[in-house]
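Below is the file data_37.cif, which contains mmCIF, C-alpha atoms.
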```cif
data_entry
loop_
_atom_site.label_atom_id
_atom_site.label_comp_id
_atom_site.auth_asym_id
_atom_site.auth_seq_id
_atom_site.Cartn_x
_atom_site.Cartn_y
_atom_site.Cartn_z
CA ALA A 1 107.60 41.28 222.58
CA GLY A 2 106.00 38.44 220.64
CA VAL A 3 102.56 39.84 221.41
CA ARG A 4 103.54 43.11 219.75
CA ARG A 5 105.31 41.46 216.83
CA TYR A 6 102.68 38.90 215.77
CA ASP A 7 98.93 39.02 215.33
CA PHE A 8 97.93 36.43 217.93
CA ASP A 9 94.31 35.65 218.76
CA SER A 10 95.32 34.40 222.21
CA ILE A 11 98.29 33.71 224.47
CA LEU A 12 98.76 30.97 227.05
CA PHE A 13 100.94 32.35 229.82
CA PRO A 14 101.97 31.29 233.36
CA ILE A 15 100.15 33.67 235.66
CA ASN A 16 100.71 33.07 239.35
CA PHE A 17 101.61 35.09 242.40
CA ALA A 18 105.14 33.69 242.64
CA THR A 19 106.38 34.42 239.14
CA PHE A 20 104.23 37.44 238.37
CA PHE A 21 106.30 39.72 240.57
CA GLN A 22 109.73 38.51 239.45
CA GLY A 23 111.26 40.81 236.87
CA ASP A 24 107.96 42.52 236.00
CA PHE A 25 107.69 40.21 232.97
CA GLY A 26 104.16 38.93 233.64
CA PRO A 27 102.51 42.33 233.99
CA ARG A 28 104.14 43.59 230.78
CA VAL A 29 103.00 40.59 228.74
CA MET A 30 99.47 40.82 230.11
CA ALA A 31 99.25 44.57 229.45
CA ALA A 32 100.53 44.19 225.89
CA ALA A 33 98.06 41.40 225.16
CA LYS A 34 95.15 43.31 226.67
CA SER A 35 95.98 46.49 224.74
CA ARG A 36 95.90 44.53 221.47
CA GLY A 37 92.68 42.69 222.28
CA VAL A 38 94.46 39.33 222.57
CA ALA A 39 92.73 36.71 224.72
CA ARG A 40 94.77 35.86 227.82
CA LEU A 41 94.71 32.26 229.03
CA ALA A 42 96.36 31.39 232.33
CA LEU A 43 98.27 28.30 233.34
CA LYS A 44 100.38 27.29 236.33
CA ALA A 45 98.16 29.21 238.74
CA MET A 46 99.23 26.95 241.60
CA ALA A 47 103.00 27.12 241.07
CA ARG A 48 104.98 28.15 244.13
CA GLN A 49 108.57 28.22 242.81
CA HIS A 50 111.24 26.15 241.08
CA TRP A 51 111.85 23.02 243.10
CA PRO A 52 114.44 23.57 245.82
CA LYS A 53 117.42 21.27 245.34
CA GLU A 54 117.22 18.06 247.29
CA ASP A 55 113.55 18.55 248.24
CA PRO A 56 112.28 15.06 249.18
CA LEU A 57 108.75 15.89 248.00
CA ARG A 58 110.00 16.36 244.45
CA THR A 59 109.75 12.62 243.84
CA GLN A 60 105.96 12.86 244.27
CA TYR A 61 105.77 15.08 241.17
CA PRO A 62 108.52 13.73 238.88
CA LYS A 63 107.35 15.54 235.73
CA CYS A 64 106.68 18.89 237.34
CA TRP A 65 109.52 21.44 237.06
CA TYR A 66 107.97 23.69 239.69
CA GLN A 67 106.92 23.09 243.27
CA PRO A 68 103.11 23.10 243.34
CA LEU A 69 101.06 24.58 246.13
CA THR A 70 99.64 21.82 248.30
CA ASP A 71 98.11 23.80 251.16
CA ARG A 72 94.39 24.31 250.46
CA ASN A 73 94.29 27.90 251.74
CA GLU A 74 97.38 28.91 249.76
CA ALA A 75 95.94 27.27 246.65
CA LYS A 76 92.69 29.19 247.09
CA LEU A 77 94.54 32.50 247.39
CA ALA A 78 96.72 31.65 244.39
CA LEU A 79 93.67 30.92 242.25
CA TYR A 80 92.04 34.16 243.39
CA PHE A 81 95.17 36.02 242.35
CA THR A 82 95.34 34.42 238.91
CA LEU A 83 91.65 34.94 238.19
CA SER A 84 91.95 38.60 239.20
CA GLN A 85 94.53 39.26 236.48
CA SER A 86 92.17 39.94 233.58
CA VAL A 87 92.38 36.48 232.09
CA THR A 88 89.78 35.52 229.51
#
```
If you took the structure in this file and wrote it as structure tokens, what would it be?
Amino acid sequence: AGVRRYDFDSILFPINFATFFQGDFGPRVMAAAKSRGVARLALKAMARQHWPKEDPLRTQYPKCWYQPLTDRNEAKLALYFTLSQSVT
């Protein structure tokens, strides 16, 4: 919506396997930006999900609203996914 309304040079958007498939929001934003020639910058590539309530590991990351990936193999796959999404 904002990508279509304003003349942005670039967007910074959370692109990760967990959120990309929820509600089809990620693919629509990326497609709109790409069609307008807007640079697409990714962040939160290693986000798994919102923190589950009462997760004891949450205290290790007090300023992080999402649960990060900590398994090396999962992190590698997550980065592969994000970098395959036409980010610039």
Exercise: segment 19-32 of chain A partners within 8 Å, only C-alpha atoms, chain neighbours under 6 positions left out, as a count of residues only | 5
Take atom CA of Asn16 of chain A and atom CA of Phe81 of chain A and report the distance between them in Å, one decimal.
->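 For atom CA of Asn16 of chain A relative to atom CA of Phe81 of chain A, the distance reads 7.0 Å.
Against this structure, the PyMOL selection byres ((chain A and resi 59-71) around 12) ends up with Pro14, Asn16, Phe17, Ala18, Thr19, Lys44, Ala45, Met46, Ala47, Arg48, Gln49, His50, Trp51, Pro52, Lys53, Glu54, Asp55, Pro56, Leu57, Arg58, Arg72, Asn73, Glu74, Ala75, Lys76, Leu77, Ala78 and Leu79 of chain A.
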Could you jot down the atom CA of Ile11 of chain A to atom CA of Thr82 of chain A separation for me, Å, one decimal place?
-> 14.8 Å
Would you compute the box with edges along x, y and z of the file around segment 78-87 of chain A, including every atom the file lists for it and 6 Å extra on each side, and give its centre and edge lengths in Å to one decimal, as lines of an AutoDock Vina configuration file?
```
center_x = 94.2
center_y = 35.4
center_z = 238.2
size_x = 17.1
size_y = 21.0
size_z = 24.3
```
Write out as an MDAnalysis selection string the residues lying within 8 Å of Val38 of chain A, counting only C-alpha atoms and excluding same-chain residues fewer than 4 positions away.
-> chainID A and resid 8:11 33:34
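In this model, the gap between atom CA of Ser84 of chain A and atom CA of Leu41 of chain A comes to 12.3 Å.
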I need the residue set behind the PyMOL selection byres ((chain A and resi 88) around 9) for this file; please write it as a PyMOL selection string.
-> chain A and resi 39-42+83+86-87
